[in-house]
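Asker: Got a file for you: query21.cif, mmCIF, C-alpha atoms and all ligand atoms.
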```cif
data_my_file
loop_
_atom_site.label_atom_id
_atom_site.label_comp_id
_atom_site.auth_asym_id
_atom_site.auth_seq_id
_atom_site.Cartn_x
_atom_site.Cartn_y
_atom_site.Cartn_z
CA ARG A 245 0.00 0.00 0.00
CA LEU A 246 1.11 3.50 -0.73
CA CYS A 247 2.29 5.65 2.04
CA VAL A 248 4.49 8.58 1.58
CA SER A 249 4.07 11.16 -1.06
CA MET A 250 6.65 13.82 -1.41
CA ASN A 251 6.33 16.92 -3.38
CA VAL A 252 9.11 19.18 -4.39
CA LEU A 253 8.35 22.58 -5.83
CA ILE A 254 11.09 24.19 -7.79
CA SER A 255 11.16 27.92 -8.53
CA GLY A 256 7.41 28.05 -8.53
CA GLN A 257 7.29 24.66 -10.15
CA THR A 258 6.01 21.65 -8.42
CA LYS A 259 7.17 18.19 -8.14
CA GLN A 260 5.81 15.32 -6.14
CA THR A 261 6.81 12.04 -4.39
CA ALA A 262 5.43 8.82 -1.96
CA ARG A 263 7.83 2.60 -0.41
CA ARG A 264 8.59 -1.77 -0.60
CA VAL A 265 8.17 -1.11 -4.33
CA PHE A 266 8.98 2.46 -5.15
CA ILE A 267 8.34 4.55 -8.20
CA VAL A 268 9.85 7.86 -9.08
CA VAL A 269 8.47 9.90 -11.89
CA THR A 270 10.85 12.53 -13.04
CA LEU A 271 9.90 15.39 -15.23
CA LEU A 272 12.51 17.12 -17.25
CA ARG A 273 12.52 19.89 -19.79
CA CYS A 274 13.08 17.41 -22.56
CA CYS A 275 12.31 13.99 -21.34
CA SER A 276 10.55 11.91 -18.75
CA SER A 277 11.57 8.71 -17.09
CA SER A 278 10.55 6.26 -14.46
CA VAL A 279 12.80 4.57 -11.99
CA SER A 280 12.24 1.83 -9.51
CA ASP A 281 14.34 1.22 -6.48
CA ALA A 282 14.22 -0.18 -3.00
CA GLY A 283 16.31 0.04 0.38
CA GLY A 284 17.64 -1.90 4.36
CA ALA A 285 19.19 -5.10 6.49
CA LYS A 286 22.25 -7.13 7.44
CA LEU A 287 22.70 -10.69 6.21
CA THR A 288 24.93 -10.27 3.20
CA GLU A 289 24.13 -13.63 1.70
CA SER A 290 20.50 -14.24 0.80
CA PRO A 291 18.84 -17.48 1.80
CA THR A 292 17.78 -19.38 -1.30
CA LEU A 293 14.10 -18.90 -0.48
CA ALA A 294 14.41 -15.10 -0.37
CA ARG A 295 13.40 -14.76 -4.01
CA TYR A 296 9.95 -16.25 -3.27
CA PHE A 297 8.85 -13.72 -0.64
CA GLY A 298 6.80 -11.59 -3.02
CA THR A 299 5.50 -8.50 -1.19
CA LYS A 300 7.53 -9.56 1.87
CA THR A 301 10.84 -9.35 0.07
CA ARG A 302 13.47 -7.16 1.66
CA TYR A 303 14.55 -4.28 -0.53
CA GLU A 304 18.16 -5.41 -0.77
CA GLU A 305 17.10 -8.54 -2.62
CA VAL A 306 16.56 -6.47 -5.73
CA ASN A 307 19.75 -4.45 -5.47
CA GLN A 308 22.23 -6.67 -3.65
CA TYR A 309 24.99 -4.06 -3.72
CA LEU A 310 22.98 -2.13 -1.12
CA LEU A 311 24.00 -4.77 1.42
CA GLN A 312 27.56 -3.52 0.98
CA ASN A 313 26.83 0.17 0.55
CA PRO A 314 23.26 1.34 1.22
CA LEU A 315 24.04 4.90 0.11
CA LEU A 316 25.46 4.00 -3.27
CA VAL A 317 23.51 4.97 -6.36
CA ASP A 318 24.32 2.62 -9.19
CA LYS A 319 23.67 4.90 -12.14
CA SER A 320 23.84 2.02 -14.58
CA LEU A 321 20.62 0.71 -13.02
CA VAL A 322 18.61 3.91 -13.09
CA PHE A 323 17.76 6.07 -16.05
CA THR A 324 19.47 9.35 -15.47
CA PRO A 325 19.04 11.91 -18.20
CA ASP A 326 21.92 13.81 -19.71
CA THR A 327 22.21 16.87 -17.48
CA ASP A 328 23.84 18.93 -20.23
CA SER A 329 20.72 18.97 -22.34
CA CYS A 330 18.09 18.36 -19.63
CA THR A 331 17.18 20.26 -16.51
CA PRO A 332 15.19 18.48 -13.84
CA LEU A 333 12.09 20.56 -13.10
CA GLN A 334 10.22 18.42 -10.71
CA ILE A 335 10.22 15.04 -9.08
CA VAL A 336 7.21 13.10 -7.92
CA ALA A 337 7.72 9.83 -6.07
CA VAL A 338 5.20 7.39 -4.67
CA ILE A 339 7.03 5.42 -1.99
CA ARG A 340 6.01 2.44 0.14
CA HIS A 341 6.68 2.31 3.87
CA GLY A 342 9.87 0.80 5.28
CA THR A 343 10.26 -2.71 6.64
CA ARG A 344 7.59 -3.37 9.25
CA TYR A 345 6.54 -5.84 11.93
CA PRO A 346 3.83 -8.39 11.13
CA THR A 347 0.26 -7.36 11.87
CA THR A 348 -1.53 -8.55 15.02
CA LYS A 349 -3.56 -10.95 12.89
CA GLN A 350 -0.36 -12.50 11.49
CA ILE A 351 1.26 -12.60 14.93
CA LYS A 352 -1.70 -14.56 16.35
CA LYS A 353 -1.25 -17.20 13.62
CA MET A 354 2.51 -17.19 14.14
CA LYS A 355 1.98 -18.03 17.80
CA GLN A 356 -0.39 -20.80 16.77
CA VAL A 357 2.05 -22.46 14.38
CA TYR A 358 4.92 -22.02 16.84
CA ASN A 359 2.88 -23.60 19.67
CA LEU A 360 1.97 -26.49 17.41
CA VAL A 361 5.61 -27.24 16.59
CA ARG A 362 6.70 -26.73 20.19
CA ASP A 363 4.00 -28.96 21.70
CA LYS A 364 3.58 -31.63 19.03
CA GLY A 365 6.55 -31.49 16.67
CA GLU A 366 9.14 -34.21 16.67
CA GLY A 367 12.56 -34.11 15.14
CA SER A 368 13.81 -36.64 12.64
CA GLY A 369 17.44 -36.25 13.62
CA ASP A 370 18.42 -33.38 11.27
CA GLY A 371 18.10 -30.78 14.05
CA VAL A 372 15.47 -28.67 12.24
CA VAL A 373 12.56 -29.27 14.61
CA GLU A 374 14.93 -28.98 17.59
CA ALA A 375 16.03 -25.56 16.30
CA LEU A 376 12.39 -24.47 15.99
CA LYS A 377 11.62 -25.66 19.52
CA SER A 378 14.47 -23.61 20.96
CA TRP A 379 13.55 -20.61 18.77
CA GLN A 380 12.19 -17.73 20.87
CA MET A 381 8.69 -16.44 20.00
CA TRP A 382 9.48 -12.74 20.23
CA TYR A 383 6.62 -11.23 18.22
CA GLU A 384 4.03 -9.50 20.39
CA ASP A 385 0.61 -8.06 19.66
CA TRP A 386 1.66 -4.44 20.24
CA MET A 387 3.95 -4.61 17.20
CA ASP A 388 0.91 -4.59 14.93
CA GLY A 389 2.45 -3.67 11.58
CA GLN A 390 4.56 -0.84 12.95
CA LEU A 391 7.74 0.29 11.29
CA VAL A 392 10.82 -1.52 12.63
CA GLU A 393 14.14 0.14 13.38
CA ASN A 394 15.78 -0.89 10.11
CA GLY A 395 12.62 0.24 8.35
CA LYS A 396 13.63 3.74 9.40
CA THR A 397 17.09 3.15 7.99
CA ASP A 398 15.48 1.93 4.74
CA MET A 399 13.77 5.28 4.37
CA GLN A 400 16.72 7.41 5.42
CA ASN A 401 18.96 5.72 2.88
CA LEU A 402 16.34 5.91 0.19
CA ALA A 403 16.05 9.67 0.72
CA PHE A 404 19.81 9.99 0.59
CA ARG A 405 20.03 8.10 -2.71
CA LEU A 406 17.18 10.03 -4.27
CA ALA A 407 18.73 13.35 -3.30
CA THR A 408 22.06 12.17 -4.72
CA LEU A 409 20.35 11.68 -8.08
CA TYR A 410 18.62 15.07 -8.06
CA PRO A 411 20.80 17.46 -6.10
CA SER A 412 19.36 20.57 -7.78
CA LEU A 413 15.83 19.72 -6.68
CA LEU A 414 16.66 18.36 -3.27
CA SER A 415 18.86 21.16 -2.01
CA THR A 416 19.03 23.24 1.18
CA GLU A 417 17.66 26.28 -0.66
CA LYS A 418 14.65 24.40 -2.01
CA LEU A 419 14.00 23.07 1.46
CA ARG A 420 14.28 26.44 3.17
CA GLY A 421 11.90 27.93 0.60
CA CYS A 422 9.59 24.94 1.13
CA HIS A 423 9.57 24.08 -2.54
CA MET A 424 8.70 20.58 -1.50
CA LYS A 425 6.01 18.67 0.30
CA PHE A 426 5.86 15.31 2.07
CA VAL A 427 2.42 13.73 2.10
CA THR A 428 1.61 10.54 3.98
CA SER A 429 -1.33 8.38 5.02
CA SER A 430 -2.28 8.39 8.70
CA LYS A 431 -0.98 4.82 9.24
CA HIS A 432 1.62 4.70 11.97
CA ARG A 433 4.23 2.97 9.80
CA CYS A 434 3.66 5.51 7.05
CA VAL A 435 3.94 8.59 9.24
CA ASP A 436 7.08 7.09 10.79
CA SER A 437 8.44 6.24 7.32
CA THR A 438 7.87 9.81 6.15
CA LYS A 439 9.60 11.24 9.22
CA ALA A 440 12.55 8.92 8.64
CA PHE A 441 12.67 9.89 4.95
CA ILE A 442 12.73 13.59 5.86
CA LYS A 443 15.41 12.96 8.49
CA GLY A 444 17.55 11.08 5.97
CA PHE A 445 17.24 13.96 3.53
CA VAL A 446 17.64 16.85 5.97
CA GLU A 447 20.19 15.47 8.43
CA ASN A 448 22.11 12.78 6.56
CA TYR A 449 22.13 14.23 3.06
CA LEU A 450 21.99 17.99 3.60
CA GLY A 451 23.88 17.76 6.88
CA LEU A 452 21.53 20.16 8.67
CA LYS A 453 20.79 19.95 12.38
CA GLU A 454 17.28 19.84 13.79
CA ASP A 455 17.45 23.41 15.13
CA GLU A 456 18.52 24.70 11.71
CA ILE A 457 15.16 23.81 10.21
CA GLN A 458 12.97 25.13 13.02
CA GLY A 459 9.99 26.81 11.44
CA VAL A 460 10.43 25.21 8.02
CA GLU A 461 6.85 23.98 7.81
CA CYS A 462 7.34 21.50 4.96
CA THR A 463 9.64 19.34 7.07
CA LYS A 464 6.52 18.13 8.88
CA PRO A 465 4.62 15.32 7.13
CA GLU A 466 1.21 16.27 5.84
CA ILE A 467 -1.45 13.59 6.41
CA ASN A 468 -3.88 13.00 3.56
CA ASP A 469 -5.73 9.67 3.59
CA GLU A 470 -8.00 10.55 0.72
CA LEU A 471 -4.94 10.75 -1.48
CA MET A 472 -2.69 8.11 0.05
CA ARG A 473 -5.32 5.56 1.14
CA PHE A 474 -7.48 6.09 -1.90
CA PHE A 475 -8.76 2.48 -1.66
CA ASP A 476 -10.42 3.19 1.72
CA HIS A 477 -12.14 6.19 0.24
CA CYS A 478 -13.38 4.48 -2.89
CA GLN A 479 -16.85 3.18 -2.05
CA LYS A 480 -16.93 0.85 -5.04
CA PHE A 481 -13.68 -0.76 -3.98
CA VAL A 482 -14.83 -1.14 -0.38
CA ILE A 483 -18.13 -2.78 -1.37
CA PHE A 484 -16.91 -4.83 -4.34
CA ILE A 485 -13.63 -6.05 -2.79
CA GLU A 486 -13.10 -5.39 0.91
CA GLU A 487 -16.59 -6.26 2.09
CA ASN A 488 -17.18 -8.94 -0.50
CA ALA A 489 -16.65 -12.50 0.73
CA THR A 490 -16.30 -13.86 -2.82
CA ALA A 491 -13.96 -11.24 -4.32
CA LEU A 492 -10.91 -13.33 -3.43
CA ASN A 493 -12.61 -16.61 -4.23
CA GLN A 494 -9.69 -17.91 -6.31
CA VAL A 495 -7.40 -17.56 -3.31
CA ASP A 496 -9.65 -19.85 -1.26
CA VAL A 497 -9.82 -22.31 -4.16
CA PHE A 498 -6.03 -22.48 -4.34
CA LYS A 499 -5.78 -23.02 -0.57
CA THR A 500 -7.52 -26.36 -1.07
CA SER A 501 -5.68 -27.26 -4.28
CA ALA A 502 -3.57 -30.39 -4.85
CA GLU A 503 -0.42 -28.20 -4.91
CA MET A 504 -1.24 -26.74 -1.52
CA ASN A 505 -2.15 -30.14 -0.05
CA THR A 506 1.22 -31.50 -1.14
CA VAL A 507 2.95 -28.70 0.79
CA LEU A 508 0.82 -29.43 3.86
CA GLU A 509 1.61 -33.13 3.71
CA LYS A 510 5.34 -32.60 3.22
CA LEU A 511 5.44 -30.17 6.12
CA ALA A 512 3.42 -32.45 8.39
CA GLY A 513 5.95 -35.18 7.59
CA ARG A 514 8.93 -32.97 8.32
CA LEU A 515 7.54 -31.71 11.62
CA GLN A 516 5.98 -35.04 12.55
CA VAL A 517 2.63 -33.41 13.25
CA SER A 518 -0.74 -34.55 12.04
CA VAL A 519 -1.69 -33.00 8.67
CA GLY A 520 -5.09 -32.23 10.20
CA ASP A 521 -3.38 -29.77 12.56
CA LEU A 522 -2.04 -27.73 9.65
CA THR A 523 -3.92 -25.31 7.44
CA ALA A 524 -2.86 -23.31 4.41
CA ASP A 525 -2.95 -20.17 6.57
CA LEU A 526 -0.63 -21.66 9.19
CA VAL A 527 1.82 -22.88 6.56
CA GLN A 528 1.79 -19.49 4.91
CA VAL A 529 2.48 -17.72 8.18
CA ALA A 530 5.38 -20.11 8.93
CA PHE A 531 6.80 -19.04 5.56
CA TYR A 532 6.26 -15.39 6.53
CA LEU A 533 8.21 -16.08 9.72
CA CYS A 534 11.16 -17.01 7.52
CA SER A 535 10.78 -13.76 5.54
CA PHE A 536 10.22 -11.47 8.53
CA GLU A 537 13.25 -12.88 10.35
CA LEU A 538 15.36 -12.02 7.33
CA SER A 539 14.01 -8.52 6.73
CA ILE A 540 13.74 -7.47 10.39
CA LYS A 541 16.73 -9.23 11.97
CA GLY A 542 18.85 -10.07 8.95
CA ILE A 543 19.02 -13.74 9.94
CA ASN A 544 18.47 -17.01 8.13
CA SER A 545 15.83 -18.35 10.50
CA PRO A 546 15.18 -22.04 11.30
CA TRP A 547 11.70 -21.36 9.88
CA CYS A 548 13.32 -21.21 6.45
CA LYS A 549 14.65 -24.74 6.79
CA ILE A 550 11.27 -26.45 6.78
CA PHE A 551 10.52 -25.42 3.20
CA ASP A 552 12.09 -26.56 -0.02
CA GLN A 553 12.06 -24.69 -3.31
CA GLU A 554 8.91 -26.38 -4.55
CA ASP A 555 7.02 -25.37 -1.37
CA ALA A 556 8.33 -21.82 -1.75
CA GLU A 557 7.03 -21.64 -5.31
CA VAL A 558 3.55 -22.71 -4.18
CA LEU A 559 3.51 -20.22 -1.30
CA GLU A 560 4.82 -17.45 -3.52
CA TYR A 561 1.99 -18.18 -5.91
CA LEU A 562 -0.57 -18.09 -3.09
CA ASN A 563 0.54 -14.61 -2.08
CA ASP A 564 0.72 -13.42 -5.68
CA LEU A 565 -2.80 -14.68 -6.27
CA LYS A 566 -4.10 -12.72 -3.29
CA GLN A 567 -2.40 -9.52 -4.42
CA TYR A 568 -3.66 -10.09 -7.97
CA TRP A 569 -7.30 -10.14 -6.86
CA LYS A 570 -7.05 -7.63 -4.03
CA ARG A 571 -4.64 -5.03 -5.41
CA GLY A 572 -3.82 -5.93 -8.96
CA TYR A 573 -5.34 -6.79 -12.31
CA GLY A 574 -8.00 -9.20 -11.02
CA HIS A 575 -10.68 -6.55 -10.66
CA ALA A 576 -10.73 -3.32 -12.65
CA ILE A 577 -11.76 -1.30 -9.59
CA ASN A 578 -8.43 -2.13 -7.90
CA SER A 579 -6.49 0.16 -10.21
CA ARG A 580 -9.32 2.56 -10.87
CA SER A 581 -9.53 3.35 -7.16
CA SER A 582 -6.16 5.08 -7.47
CA CYS A 583 -7.59 7.68 -9.83
CA ILE A 584 -7.44 10.51 -7.28
CA LEU A 585 -3.75 9.98 -6.66
CA PHE A 586 -3.08 9.64 -10.36
CA HIS A 587 -4.83 12.91 -11.11
CA ASN A 588 -2.96 14.62 -8.34
CA ILE A 589 0.39 13.50 -9.75
CA PHE A 590 -0.43 14.44 -13.32
CA ASN A 591 -1.72 17.84 -12.26
CA TYR A 592 1.66 18.55 -10.73
CA LEU A 593 3.42 17.37 -13.88
CA ASP A 594 1.21 19.53 -16.11
CA GLN A 595 1.75 22.49 -13.85
CA ALA A 596 5.51 22.07 -14.02
CA VAL A 597 5.40 21.91 -17.82
CA SER A 598 3.26 24.99 -18.24
CA GLU A 599 5.26 27.04 -15.74
CA SER A 600 8.42 26.00 -17.49
CA GLU A 601 7.03 27.04 -20.87
CA ARG A 602 5.96 30.41 -19.48
C1 LIG A 701 -18.42 -9.83 -5.17
O1 LIG A 701 -17.43 -10.37 -6.04
C2 LIG A 701 -17.94 -11.22 -7.04
C3 LIG A 701 -16.73 -11.81 -7.77
O2 LIG A 701 -15.92 -10.81 -8.27
C4 LIG A 701 -18.86 -10.44 -7.95
O3 LIG A 701 -19.38 -11.28 -8.96
C5 LIG A 701 -20.00 -9.83 -7.13
O4 LIG A 701 -20.77 -8.99 -7.94
C6 LIG A 701 -19.43 -9.01 -5.97
N1 LIG A 701 -20.50 -8.57 -5.09
C7 LIG A 701 -20.69 -7.29 -4.75
C8 LIG A 701 -21.77 -7.03 -3.76
O5 LIG A 701 -20.04 -6.38 -5.21
#
```
Translate this structure into structure tokens?
Ligand SMILES: *[C@@H]1O[C@H](CO)[C@@H](O)[C@H](O)[C@H]1NC(C)=O

Answerer:
Amino acid sequence: RLCVSMNVLISGQTKQTARRVFIVVTLLRCCSSSVSDAGGAKLTESPTLARYFGTKTRYEEVNQYLLQNPLLVDKSLVFTPDTDSCTPLQIVAVIRHGTRYPTTKQIKKMKQVYNLVRDKGEGSGDGVVEALKSWQMWYEDWMDGQLVENGKTDMQNLAFRLATLYPSLLSTEKLRGCHMKFVTSSKHRCVDSTKAFIKGFVENYLGLKEDEIQGVECTKPEINDELMRFFDHCQKFVIFIEENATALNQVDVFKTSAEMNTVLEKLAGRLQVSVGDLTADLVQVAFYLCSFELSIKGINSPWCKIFDQEDAEVLEYLNDLKQYWKRGYGHAINSRSSCILFHNIFNYLDQAVSESER
């Protein structure tokens, strides 16, 4: 879901931005481009399952060099226009929030699958179940989807890299004149992401201290749910998707598929629990445990060792299927609900063009 939107206005011209997948639209006097990027953790070698995490993939998976240097901008990977013939007028970025904790709903299921393994699981001598039994259940309800510490670092580094690409737009002068704007949804993780993004830009990149930007209004995030949580404000989306028990029907069908049953049976065998104690939801959340441990703690968790590549492919597909019907191409209203945000962005682009022409 979209979170942060940042808006930079340059000499009367406007530009606008908002993180996991991140899009920057750049408007230039002669050309336009789009860039995608991501950013934050520790383990420098990715577990083999890491490429199946879908929306739970850590940002570094896409750009592995960030594990070595999170502030480096690899210009061969981003389209950067020729600055001799092009002048950046405006930048608009729609950015997802940084790495976050699981939601309370996920944590409840995590506890359930952990308790099952702890109370009923039996090892087969390879040490995997033993490792799970001595694993500490450290997720707690209060965490409820909040931004984690390295999620803040994600955002700070992302701001740094973006500013490195567009120094003329993201400068001290433009900030002092408030030729920029940071818009966020009211979600905790999004507000916190936006604050971290601003901090990364102001303190890390520009090197300014907090007291040097006292009174610069635009360094405070502006909350706008209508824009940034457009799906909540689109009645058609709410009725047709969110409140509709059959909108994600295909997801439920796949949960009872032969592919999914094979995963359940293999896992029951590995853990020595009864297959009747497992459900698709519990297996999925065990897989999420593997992904969260990597993105939050930078560790290759014992939860990763209970799945093989084939299982990972099935669970990746399950998550993709859900996103397809809930956020993606499955229903036309999913994309149409973003119309307000789209208009907003294009208005800023049009404005920048016409002011430039004048
Ligand atoms: C719920 O979703 C199904 C499947 O997409 C659709 O046929 C039906 O019209 C929807 N119901 C409502 C109330 O929107």

Asker: Rounded to one decimal in Å, what is the spacing between atom CA of A:Tyr345 and atom CA of A:Glu374?

Answerer: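 Computed distance, atom CA of A:Tyr345 to atom CA of A:Glu374, equals 25.3 Å.
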
Asker: Every residue with an atom at most 10 Å from (17.3, 12.2, -5.3) (file coordinates; all atoms listed in the file) is what I'm after, so could you write them as a PyMOL selection string?

Answerer: chain A and resi 268+317+335+337+402-415+445+449

Asker: Residues as selected, C-alpha atoms, written as a PDB file, keeping the file's coordinate frame, can you do that?

Answerer:
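Wrote it out as again_18.pdb, contents follow:
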```
ATOM      1  CA  VAL A 268       9.850   7.860  -9.080  1.00  0.00           C
ATOM      2  CA  VAL A 317      23.510   4.970  -6.360  1.00  0.00           C
ATOM      3  CA  ILE A 335      10.220  15.040  -9.080  1.00  0.00           C
ATOM      4  CA  ALA A 337       7.720   9.830  -6.070  1.00  0.00           C
ATOM      5  CA  LEU A 402      16.340   5.910   0.190  1.00  0.00           C
ATOM      6  CA  ALA A 403      16.050   9.670   0.720  1.00  0.00           C
ATOM      7  CA  PHE A 404      19.810   9.990   0.590  1.00  0.00           C
ATOM      8  CA  ARG A 405      20.030   8.100  -2.710  1.00  0.00           C
ATOM      9  CA  LEU A 406      17.180  10.030  -4.270  1.00  0.00           C
ATOM     10  CA  ALA A 407      18.730  13.350  -3.300  1.00  0.00           C
ATOM     11  CA  THR A 408      22.060  12.170  -4.720  1.00  0.00           C
ATOM     12  CA  LEU A 409      20.350  11.680  -8.080  1.00  0.00           C
ATOM     13  CA  TYR A 410      18.620  15.070  -8.060  1.00  0.00           C
ATOM     14  CA  PRO A 411      20.800  17.460  -6.100  1.00  0.00           C
ATOM     15  CA  SER A 412      19.360  20.570  -7.780  1.00  0.00           C
ATOM     16  CA  LEU A 413      15.830  19.720  -6.680  1.00  0.00           C
ATOM     17  CA  LEU A 414      16.660  18.360  -3.270  1.00  0.00           C
ATOM     18  CA  SER A 415      18.860  21.160  -2.010  1.00  0.00           C
ATOM     19  CA  PHE A 445      17.240  13.960   3.530  1.00  0.00           C
ATOM     20  CA  TYR A 449      22.130  14.230   3.060  1.00  0.00           C
TER      21      TYR A 449
END
```

Asker: What is the distance between atom CA of A:Ala440 and atom CA of A:Thr397, in Å to one decimal?

Answerer: 7.4 Å

Asker: Name the closest residue to A:Thr438 among the candidates A:Gly574, A:Gly395, A:Gly389, A:Pro546; distances are taken between atoms, counting all atoms listed in the file.

Answerer: A:Gly395

Asker: Set the distance at 12 Å and use all atoms listed in the file: which residues neighbour A:Pro346 once local chain neighbours fewer than 4 positions away are removed? I'd like the list as a PyMOL selection string.

Answerer: chain A and resi 300+350-355+382-392+433+529+532-537+539-540

Asker: Can you build me a table of chain A residues sitting at most 6 Å from ligand LIG 701 (chain A), with the closest atom pair per residue and its distance in Å to one decimal, using all atoms listed in the file, sorted by chain and residue number, as a tab-separated table?

Answerer:
```
residue	atom	partner	partner_atom	distance
A:Ile483	CA	A:LIG701	O5	5.6
A:Phe484	CA	A:LIG701	O5	3.6
A:Asn488	CA	A:LIG701	C1	4.9
A:Thr490	CA	A:LIG701	O1	4.9
A:Ala491	CA	A:LIG701	O1	4.0
```

Asker: Residues as selected, C-alpha atoms, written as a JSON list (two decimals), in the frame of the given file, can you do that?

Answerer:
```json
[["chain", "number", "residue", "atom", "x", "y", "z"],
["A", 483, "ILE", "CA", -18.13, -2.78, -1.37],
["A", 484, "PHE", "CA", -16.91, -4.83, -4.34],
["A", 488, "ASN", "CA", -17.18, -8.94, -0.50],
["A", 490, "THR", "CA", -16.30, -13.86, -2.82],
["A", 491, "ALA", "CA", -13.96, -11.24, -4.32]]
```

Asker: State, in Å with one decimal place, the distance from atom CA of A:Cys434 to atom CA of A:Leu471.

Answerer: 13.2 Å

Asker: Which one of A:Leu508, A:Val361, A:Val322, A:Val336 sits closest to A:Phe590 if you count all atoms listed in the file?

Answerer: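 That would be A:Val336, the residue with the smallest distance to A:Phe590.
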
Asker: Just want the 6 Å neighbourhood of A:Leu515, counted on only C-alpha atoms, with same-chain residues fewer than 2 positions away dropped. Output as a list in words.

Answerer: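 Counting only C-alpha atoms, the residues come to Gly365, Glu366, Ala512, Gly513 and Val517 of chain A.
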
Asker: For stretch 472-487 of chain A, I'd like the enclosing box, axis-aligned and padded by 3 Å on every side, reported as lines of an AutoDock Vina configuration file with centre and edge lengths in Å to one decimal.

Answerer:
```
center_x = -10.4
center_y = 0.9
center_z = -1.5
size_x = 21.4
size_y = 20.4
size_z = 13.1
```

Asker: Considering all atoms listed in the file, state which residue in the set A:Ser581, A:Gln494, A:Thr416, A:Asn359 is at the smallest distance from A:Asp564.

Answerer: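 Ranking A:Ser581, A:Gln494, A:Thr416, A:Asn359 by distance to A:Asp564, first place goes to A:Gln494.
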
Asker: Name the closest residue to A:Val497 among the candidates A:Arg362, A:His432, A:Lys480, A:Lys566; distances are taken between atoms, counting all atoms listed in the file.

Answerer: A:Lys566

Asker: I'd like the neighbourhood of A:Val460 as a short mmCIF file (atom, residue, chain, number, x, y, z; two decimals) with C-alpha atoms, in the coordinates of the input, where a residue qualifies if any of its atoms comes within 9 Å (using all atoms listed in the file), though same-chain residues fewer than 3 positions away should be ignored.

Answerer:
```cif
data_model
loop_
_atom_site.label_atom_id
_atom_site.label_comp_id
_atom_site.auth_asym_id
_atom_site.auth_seq_id
_atom_site.Cartn_x
_atom_site.Cartn_y
_atom_site.Cartn_z
CA LEU A 419 14.00 23.07 1.46
CA ARG A 420 14.28 26.44 3.17
CA GLY A 421 11.90 27.93 0.60
CA CYS A 422 9.59 24.94 1.13
CA GLU A 456 18.52 24.70 11.71
CA ILE A 457 15.16 23.81 10.21
CA THR A 463 9.64 19.34 7.07
CA LYS A 464 6.52 18.13 8.88
#
```

Asker: Please determine, counting all atoms listed in the file, which residue among A:Glu557, A:Ile442, A:Val357, A:Glu454 has the shortest atom-to-atom distance to A:Asp525.

Answerer: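 Under the stated criterion, the closest residue is A:Val357.
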
Asker: Applying 10 Å and only C-alpha atoms, which residues near A:Ala556 remain after dropping the ones on its own chain fewer than 3 positions away? List them as a PyMOL selection string.

Answerer: chain A and resi 292-297+507+528+531+548+551-553+559-562

Asker: Looking at A:Thr343, A:Ile485, A:Asp318, A:Phe426, which one is nearest to A:Lys541, with distances taken over all atoms listed in the file?

Answerer: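 For A:Lys541, the nearest of the given residues is A:Thr343.
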